[in-house]
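Asks: Mind having a look at this structure? Questions to follow.
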Amino acid sequence: MKTVGTHPLQQDWWAEDVLGHAVPRLPALGQLDTAVWVPAWLQGSTVCVPLCRFGARSCVRYKGGSQENRAQRSSSHHGLDHLRNVASSDAIKKHQKSLSAWFSNQPNEERQFGPSFSLDAVHVDPVIRESSLEQILKPSPDLTIQHQLQQPCRQIISLQNLFDVDACGRQVKNVVLYGTVGTGKSTLIKKMVVDWCHGLLPRFELVIPFSCEDLSHSHVPISLRRLITKKYQHLRDVVPLLGSSNLKVLFILNGLERLNLDFRLAGTELCCDANEPVPPSAIVVNLLRKYLLPEARIIVTTRPSAVRRIPGKYVGRYAEICGFSDTNLQKLYFQLRLSQPGCDGENSVASRSGEQDNLVEMLSRNLECQNQIAAACFLPSYCWLVCTMLHFLYFTRTVPPSQTLSGIYTSFLRLNFSGEVLDSTDPTKISMMKYVAKTVGKLAHEGVMSRKTSFTEEDLQQCFEVEMKTESELNQLEVFRSDVFRFFLTPCVQPGKEHTFVFTIPAMQEYLAALYVVLGEKKTLVQKVGKEVSEIIGKVSEDAAVVLSIISKVLPLRFLPVLFNLLKMFPRFFSRLSGKGRDTIARTMAEELFKEEDYYNDDVLDQINSSILGVEGPMRHPDEAADDEVFELFPIFMGGILSRRNRAILEQLGCSIKNLAAFEIAKAMKKTVIRNSRKGLPPSELMDYLFFLHEFQNERFTAEAIRSLRTVNLSSVKMTPLKCSVLASVMGSTSHEVEELNLTSCNLDTSSLRTLFPVLLRCKFLHLQLNSLGPDACKEIRDLLLHDKCAVSNLRLGNNPIGEQGAQYLAEALAGNRSLTHLSLLHTALGDRGVELIAQHLAENQQLQELNLGYNSLTDTAALRVVEVAKKHATLDKVHLYFNDISEDGKRALDSLRMDRDGVRALVFLTAGTDVSDYWSSILNVVHKNLPFWDRERVRQHLTIILQDLESSRRQTVNPWRKAKFLRVESEVKKMLGKLQHGTL
């Protein structure tokens, strides 16, 4: 006796006779639990199969090796040949082309930060582990990433092997692919479809993907064939063959949690006809029952909470998507994503490849240090966020007005949550993002307010108010814990904190805290009641039952009569109370933005950078006290969330922020912000303030705030291309003149000057020293000074490698400029030839008053030449020539020119004949400020020469007062020399 089948809903729908011929079997029409036995001697006989539902017998004739059977085999082979032709027909090719175009299309969030990358170029398959229903339903005491990472690698399976036979040798036809939010389910399915379109999945001749979200919006009965042709018109010639041929079909049902399926016969009737109109959910149920198109293979993707909606007897294999649980997969993703040609948005890829390789290397080292970033990147979606952040920080050359950090995080949440509801079976249909904002946002805000980033189990219970939940709320919490919890919270990897939770990446805590505040969830009890009751009164007048049902949720019953009477008498009072929440939001933003305890920290962009790439240098000892937590992104995110673009995205996520609310918040905070910005912020805090204004995306607000900002000091802030773009964008909101812009030691380059050009035009006092600006940058400066709207009057370019070529560009600028009065070229490697070029064009200038050429290796000839030209200049009266290679004879010649001058003062040494120069203190101050950037040995030599000169001049004078003056200056020089030699200066 031979077994050819078990349960009709679990067996292969094609049995084989003893000769290996395909024998069709009838699908069960009822709950048939007994096995069907077909003995070999029954071939060619009539087999009576009991049909439990109808209480009758249906006969199937099984043919043996007769001539009739051979004819059927011949006909079957002909049919197979026909099907192969169908599989390669134009219809399926058009279907493949259409699917490839649709599924290869990158979302706007991807295109926004560089070129579109194909899935083939940057995709890395996540880890997929074979699972079971028992493992899924088993309650896990530890919902942590660590728990999952430490699990043994049980039966890792590839996407191509999902339909291999199971452990018992049975054919797998239905596969449930599940994973929490962010593990990469949708991307994996997209890659699978694209692979099939490119011929990389030959196992299937036809792939038909469906979105369960799409199916959930339709309740009108429709047949399967009509549904397929409605979605994919190219298949209208192929659809009639479904179910009547051996066409190898794969159905993909993405996002099963969107559908409410009922597998009970009383809830969803049986349907085996692909032409029979039934609701879309009934089509899905019967496909999974294998009652409709029993030979079709099906992949279902879903979140863990919805896995149990499919009875286990209809599932051949459970597979869990575990993300990038292997750190090597994370590194591979970063390598592919960050090293793509054109990732930096420029044509000259080679010029940026070194920086890209360095970023990948730093990121890899940070992952290897068991940093929190490695735990976060367990989720492929966070790998995407990390790459997007690095692209934003490093590869963005010009920031579009709408491109903001808040926009990145908002778009990131839209990519992962779209418009999903937390639980489709719950009647409230609360959006997942709204639920996260109300619960996780509360936890995040409490952490920001108490300056902490790690949370205990007790903190989580208090946040989610487990003790106060109704049955419906507890169900929502259970869905959140299984599907979403690990997306936002993960166990801390720091030693001694393994039992606490932190936000997956630090900035997410600040974003959710900001969202919690801006959505108005942070209200007093009276404000909550006032808002709800005021809205209800406006709709249904003073219906006591309605009012009582609302306020009974938050107040004890004994207070209801008193409060109800107050509401009847003073409804407007409670309406005003509910509106005070906007003042609270504005006040919170202003206070957090100018919180003095956060002063003198690195600006927020550098903090984000260090959180991703790690901190270069020695690591802090575990026993060493941790630094105070800094939450400077919190107010910036509050401003960014209020921008129109982010509000539109949040609206799609179920988090509504009205235009009027945003307007009133901006109005309430305007005075406070402008008043505090005038106090003179440290450079890093000023950069944060400018970044806040950029994130706020409110042109009127920004214009009023910037108009009062006359001095902008950003010295020592590393001005990356992003920061330069932000500065240009914010300062470009007005056209007022800026008294002073200090960009000393800001790592500026030629492209930075090009980006800042409109801002530099309006600055009177411009500091550009210590920026490694070479000849190419001088070309930009020349164009700046020759611009007809240039307002620069004082320009400092000291300690830049300008050289002879750069001097040529600056000389041309001097000849045509009409605004510059003070120019400092201290220590710019001009040499004699560079100064000669400047002297040649100096006569054409009409308003320059002071020129600093100190420390430029000038000899006597060049120094005398420039002073002679200066004597004839209409306005130039001061030329700095100290720390140059001028001999004693040159000094005497310059001194004689000074004595016989026509208004020019040449500052060469600390002496002026037998007296001390009036500018000795200013010269020594210049030396003191520039010592960290100058060649110390050369400075020591110059100071020795100056000291000898002072001693010689002191011996020549007989005036005791002058001798005392010399001694004082000598003492200062000796003190500076001593500190220089001991390395304390």
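Note on naming: chains are A, B, ... as they come in the structure tokens, residues start from 1 per chain, ligands start from 1 in the order shown.
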Dump as JSON lines the rows for residues of stretch 483-509 of chain A within 7 Å of stretch 181-193 of chain A: closest atom pair and distance in Å with one decimal, only C-alpha atoms counted, ordered by chain and rising residue number.
Replies:
{"residue": "A:Asp483", "atom": "CA", "partner": "A:Val181", "partner_atom": "CA", "distance": 6.1}
{"residue": "A:Val484", "atom": "CA", "partner": "A:Val181", "partner_atom": "CA", "distance": 5.7}
{"residue": "A:Phe487", "atom": "CA", "partner": "A:Val181", "partner_atom": "CA", "distance": 6.4}
Asks: Restrict the selected residues to C-alpha atoms and save them as a PDB file, in the first residue's frame.
Replies:
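Just written: result-v5.pdb:
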ATOM      1  CA  ASP A 483       6.292  44.746  16.366  1.00  0.00           C
ATOM      2  CA  VAL A 484       7.784  48.143  17.176  1.00  0.00           C
ATOM      3  CA  PHE A 487      12.801  49.760  16.521  1.00  0.00           C
TER       4      PHE A 487
END
Asks: Need the shell around stretch 736-746 of chain A: protein/DNA/RNA residues with any atom at most 7 Å away, counting only C-alpha atoms. Skip same-chain ones fewer than 3 positions apart. Format as a PDB file with N, CA and C atoms, in the first residue's frame?
Replies:
ATOM      1  N   ARG A 707      18.112  89.859  11.323  1.00  0.00           N
ATOM      2  CA  ARG A 707      18.297  91.305  11.154  1.00  0.00           C
ATOM      3  C   ARG A 707      18.910  91.942  12.399  1.00  0.00           C
ATOM      4  N   ARG A 710      24.187  91.456  14.205  1.00  0.00           N
ATOM      5  CA  ARG A 710      25.140  92.277  13.461  1.00  0.00           C
ATOM      6  C   ARG A 710      26.558  91.708  13.496  1.00  0.00           C
ATOM      7  N   THR A 711      26.871  90.939  14.524  1.00  0.00           N
ATOM      8  CA  THR A 711      28.199  90.329  14.648  1.00  0.00           C
ATOM      9  C   THR A 711      28.046  88.822  14.686  1.00  0.00           C
ATOM     10  N   VAL A 712      28.734  88.153  13.780  1.00  0.00           N
ATOM     11  CA  VAL A 712      28.651  86.694  13.683  1.00  0.00           C
ATOM     12  C   VAL A 712      30.046  86.128  13.912  1.00  0.00           C
ATOM     13  N   ASN A 713      30.238  85.516  15.080  1.00  0.00           N
ATOM     14  CA  ASN A 713      31.542  84.960  15.419  1.00  0.00           C
ATOM     15  C   ASN A 713      31.464  83.439  15.416  1.00  0.00           C
ATOM     16  N   LEU A 714      32.042  82.828  14.365  1.00  0.00           N
ATOM     17  CA  LEU A 714      32.061  81.379  14.235  1.00  0.00           C
ATOM     18  C   LEU A 714      33.491  80.846  14.237  1.00  0.00           C
ATOM     19  N   SER A 715      34.397  81.564  14.865  1.00  0.00           N
ATOM     20  CA  SER A 715      35.795  81.161  14.862  1.00  0.00           C
ATOM     21  C   SER A 715      35.962  79.777  15.481  1.00  0.00           C
ATOM     22  N   SER A 716      36.819  78.970  14.867  1.00  0.00           N
ATOM     23  CA  SER A 716      37.158  77.615  15.302  1.00  0.00           C
ATOM     24  C   SER A 716      36.032  76.612  15.112  1.00  0.00           C
ATOM     25  N   VAL A 717      34.924  77.014  14.503  1.00  0.00           N
ATOM     26  CA  VAL A 717      33.881  76.055  14.139  1.00  0.00           C
ATOM     27  C   VAL A 717      34.258  75.449  12.791  1.00  0.00           C
ATOM     28  N   LYS A 718      34.339  74.140  12.732  1.00  0.00           N
ATOM     29  CA  LYS A 718      34.714  73.494  11.475  1.00  0.00           C
ATOM     30  C   LYS A 718      33.580  73.652  10.478  1.00  0.00           C
ATOM     31  N   MET A 719      33.784  74.575   9.528  1.00  0.00           N
ATOM     32  CA  MET A 719      32.733  74.901   8.581  1.00  0.00           C
ATOM     33  C   MET A 719      32.747  73.913   7.416  1.00  0.00           C
ATOM     34  N   ARG A 762      28.368  91.313   2.061  1.00  0.00           N
ATOM     35  CA  ARG A 762      27.693  92.270   2.940  1.00  0.00           C
ATOM     36  C   ARG A 762      28.429  92.499   4.242  1.00  0.00           C
ATOM     37  N   CYS A 763      29.612  91.886   4.412  1.00  0.00           N
ATOM     38  CA  CYS A 763      30.342  91.999   5.678  1.00  0.00           C
ATOM     39  C   CYS A 763      31.361  93.120   5.610  1.00  0.00           C
ATOM     40  N   LYS A 764      31.392  93.959   6.638  1.00  0.00           N
ATOM     41  CA  LYS A 764      32.375  95.040   6.686  1.00  0.00           C
ATOM     42  C   LYS A 764      33.719  94.536   7.200  1.00  0.00           C
ATOM     43  N   PHE A 765      33.709  93.822   8.308  1.00  0.00           N
ATOM     44  CA  PHE A 765      34.932  93.318   8.921  1.00  0.00           C
ATOM     45  C   PHE A 765      34.931  91.804   8.710  1.00  0.00           C
ATOM     46  N   LEU A 766      35.871  91.309   7.909  1.00  0.00           N
ATOM     47  CA  LEU A 766      35.864  89.912   7.512  1.00  0.00           C
ATOM     48  C   LEU A 766      37.159  89.218   7.935  1.00  0.00           C
ATOM     49  N   HIS A 767      37.038  88.219   8.820  1.00  0.00           N
ATOM     50  CA  HIS A 767      38.185  87.442   9.298  1.00  0.00           C
ATOM     51  C   HIS A 767      38.245  86.116   8.548  1.00  0.00           C
ATOM     52  N   LEU A 768      39.299  85.920   7.779  1.00  0.00           N
ATOM     53  CA  LEU A 768      39.477  84.665   7.050  1.00  0.00           C
ATOM     54  C   LEU A 768      40.835  84.035   7.341  1.00  0.00           C
ATOM     55  N   GLN A 769      41.499  84.446   8.385  1.00  0.00           N
ATOM     56  CA  GLN A 769      42.828  83.932   8.664  1.00  0.00           C
ATOM     57  C   GLN A 769      42.774  82.478   9.140  1.00  0.00           C
ATOM     58  N   LEU A 770      43.903  81.782   8.961  1.00  0.00           N
ATOM     59  CA  LEU A 770      44.063  80.400   9.426  1.00  0.00           C
ATOM     60  C   LEU A 770      43.059  79.448   8.778  1.00  0.00           C
ATOM     61  N   ASN A 771      42.961  79.497   7.446  1.00  0.00           N
ATOM     62  CA  ASN A 771      42.015  78.637   6.747  1.00  0.00           C
ATOM     63  C   ASN A 771      42.609  77.858   5.586  1.00  0.00           C
TER      64      ASN A 771
END
Asks: Check stretch 150-213 of chain A with DSSP on the backbone and list each residue it calls strand (DSSP E), as a list in words.
Replies: Asn174, Val175, Val176, Leu177, Tyr178, Leu206, Val207, Ile208, Pro209, Phe210 and Ser211 of chain A
Asks: Export all heavy atoms of the chosen residues as a short mmCIF file (atom, residue, chain, number, x, y, z; two decimals), in the first residue's frame?
Replies:
data_model
loop_
_atom_site.label_atom_id
_atom_site.label_comp_id
_atom_site.auth_asym_id
_atom_site.auth_seq_id
_atom_site.Cartn_x
_atom_site.Cartn_y
_atom_site.Cartn_z
N ASN A 174 3.16 27.45 1.00
CA ASN A 174 2.88 28.73 1.65
C ASN A 174 4.01 29.07 2.61
O ASN A 174 4.33 28.27 3.49
CB ASN A 174 1.56 28.69 2.43
CG ASN A 174 0.36 28.61 1.51
OD1 ASN A 174 0.48 28.79 0.29
ND2 ASN A 174 -0.81 28.34 2.07
N VAL A 175 4.59 30.26 2.46
CA VAL A 175 5.68 30.70 3.33
C VAL A 175 5.26 32.01 3.99
O VAL A 175 4.82 32.94 3.31
CB VAL A 175 6.99 30.91 2.54
CG1 VAL A 175 8.06 31.52 3.43
CG2 VAL A 175 7.47 29.59 1.96
N VAL A 176 5.40 32.07 5.30
CA VAL A 176 5.16 33.31 6.04
C VAL A 176 6.51 33.90 6.43
O VAL A 176 7.29 33.29 7.16
CB VAL A 176 4.31 33.05 7.30
CG1 VAL A 176 4.24 34.32 8.16
CG2 VAL A 176 2.91 32.62 6.90
N LEU A 177 6.77 35.08 5.91
CA LEU A 177 8.03 35.79 6.16
C LEU A 177 7.72 36.95 7.08
O LEU A 177 7.01 37.88 6.69
CB LEU A 177 8.59 36.29 4.82
CG LEU A 177 10.06 36.63 4.71
CD1 LEU A 177 10.93 35.43 5.01
CD2 LEU A 177 10.37 37.16 3.31
N TYR A 178 8.19 36.89 8.33
CA TYR A 178 7.80 37.91 9.29
C TYR A 178 9.03 38.59 9.89
O TYR A 178 10.14 38.05 9.89
CB TYR A 178 6.92 37.32 10.40
CG TYR A 178 7.66 36.40 11.35
CD1 TYR A 178 8.18 36.88 12.55
CD2 TYR A 178 7.84 35.05 11.05
CE1 TYR A 178 8.85 36.04 13.43
CE2 TYR A 178 8.50 34.20 11.92
CZ TYR A 178 9.01 34.71 13.11
OH TYR A 178 9.68 33.89 13.97
N LEU A 206 5.99 32.89 -13.37
CA LEU A 206 5.17 34.10 -13.23
C LEU A 206 5.13 34.51 -11.76
O LEU A 206 4.90 33.67 -10.88
CB LEU A 206 3.74 33.84 -13.72
CG LEU A 206 2.75 35.01 -13.63
CD1 LEU A 206 3.23 36.19 -14.48
CD2 LEU A 206 1.36 34.57 -14.06
N VAL A 207 5.37 35.79 -11.50
CA VAL A 207 5.31 36.34 -10.15
C VAL A 207 4.24 37.43 -10.14
O VAL A 207 4.27 38.34 -10.98
CB VAL A 207 6.66 36.92 -9.70
CG1 VAL A 207 6.52 37.69 -8.40
CG2 VAL A 207 7.69 35.80 -9.53
N ILE A 208 3.32 37.34 -9.19
CA ILE A 208 2.23 38.31 -9.09
C ILE A 208 2.24 38.88 -7.67
O ILE A 208 1.78 38.23 -6.72
CB ILE A 208 0.87 37.66 -9.39
CG1 ILE A 208 0.89 37.00 -10.77
CG2 ILE A 208 -0.25 38.69 -9.31
CD1 ILE A 208 -0.38 36.25 -11.10
N PRO A 209 2.78 40.09 -7.49
CA PRO A 209 2.79 40.69 -6.14
C PRO A 209 1.53 41.51 -5.88
O PRO A 209 1.00 42.18 -6.77
CB PRO A 209 4.03 41.61 -6.19
CG PRO A 209 4.23 41.91 -7.64
CD PRO A 209 3.57 40.84 -8.45
N PHE A 210 1.06 41.43 -4.64
CA PHE A 210 -0.08 42.23 -4.20
C PHE A 210 0.28 42.94 -2.90
O PHE A 210 0.95 42.36 -2.04
CB PHE A 210 -1.32 41.37 -3.96
CG PHE A 210 -2.04 40.96 -5.21
CD1 PHE A 210 -2.14 39.63 -5.57
CD2 PHE A 210 -2.63 41.91 -6.04
CE1 PHE A 210 -2.80 39.25 -6.72
CE2 PHE A 210 -3.30 41.54 -7.19
CZ PHE A 210 -3.38 40.20 -7.54
N SER A 211 -0.19 44.16 -2.75
CA SER A 211 -0.07 44.89 -1.50
C SER A 211 -1.34 44.69 -0.70
O SER A 211 -2.43 45.01 -1.17
CB SER A 211 0.15 46.38 -1.78
OG SER A 211 -0.06 47.14 -0.61
#
Asks: Nearest residue to A:Leu133 out of A:Leu99, A:Val165, A:Gly312, A:Leu293, using only C-alpha atoms?
Replies: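 Smallest distance to A:Leu133 is found for A:Gly312.
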Asks: Hey, which of A:Thr957, A:Asn254, A:Asn108, A:Ser418 ends up closest to A:Ser431? Count only C-alpha atoms.
Replies: A:Ser418
Asks: Considering only C-alpha atoms, state which residue in the set A:Gln160, A:Thr584, A:Asn794, A:Asn646 is at the smallest distance from A:Gln697.
Replies: A:Asn646
Asks: Name all residues at most 12 Å from A:Arg258 (count only C-alpha atoms; drop same-chain ones fewer than 6 positions away) and give them as a ChimeraX atom specification.
Replies: /A:211-218,281,300-303,305-307,309,419-426,429
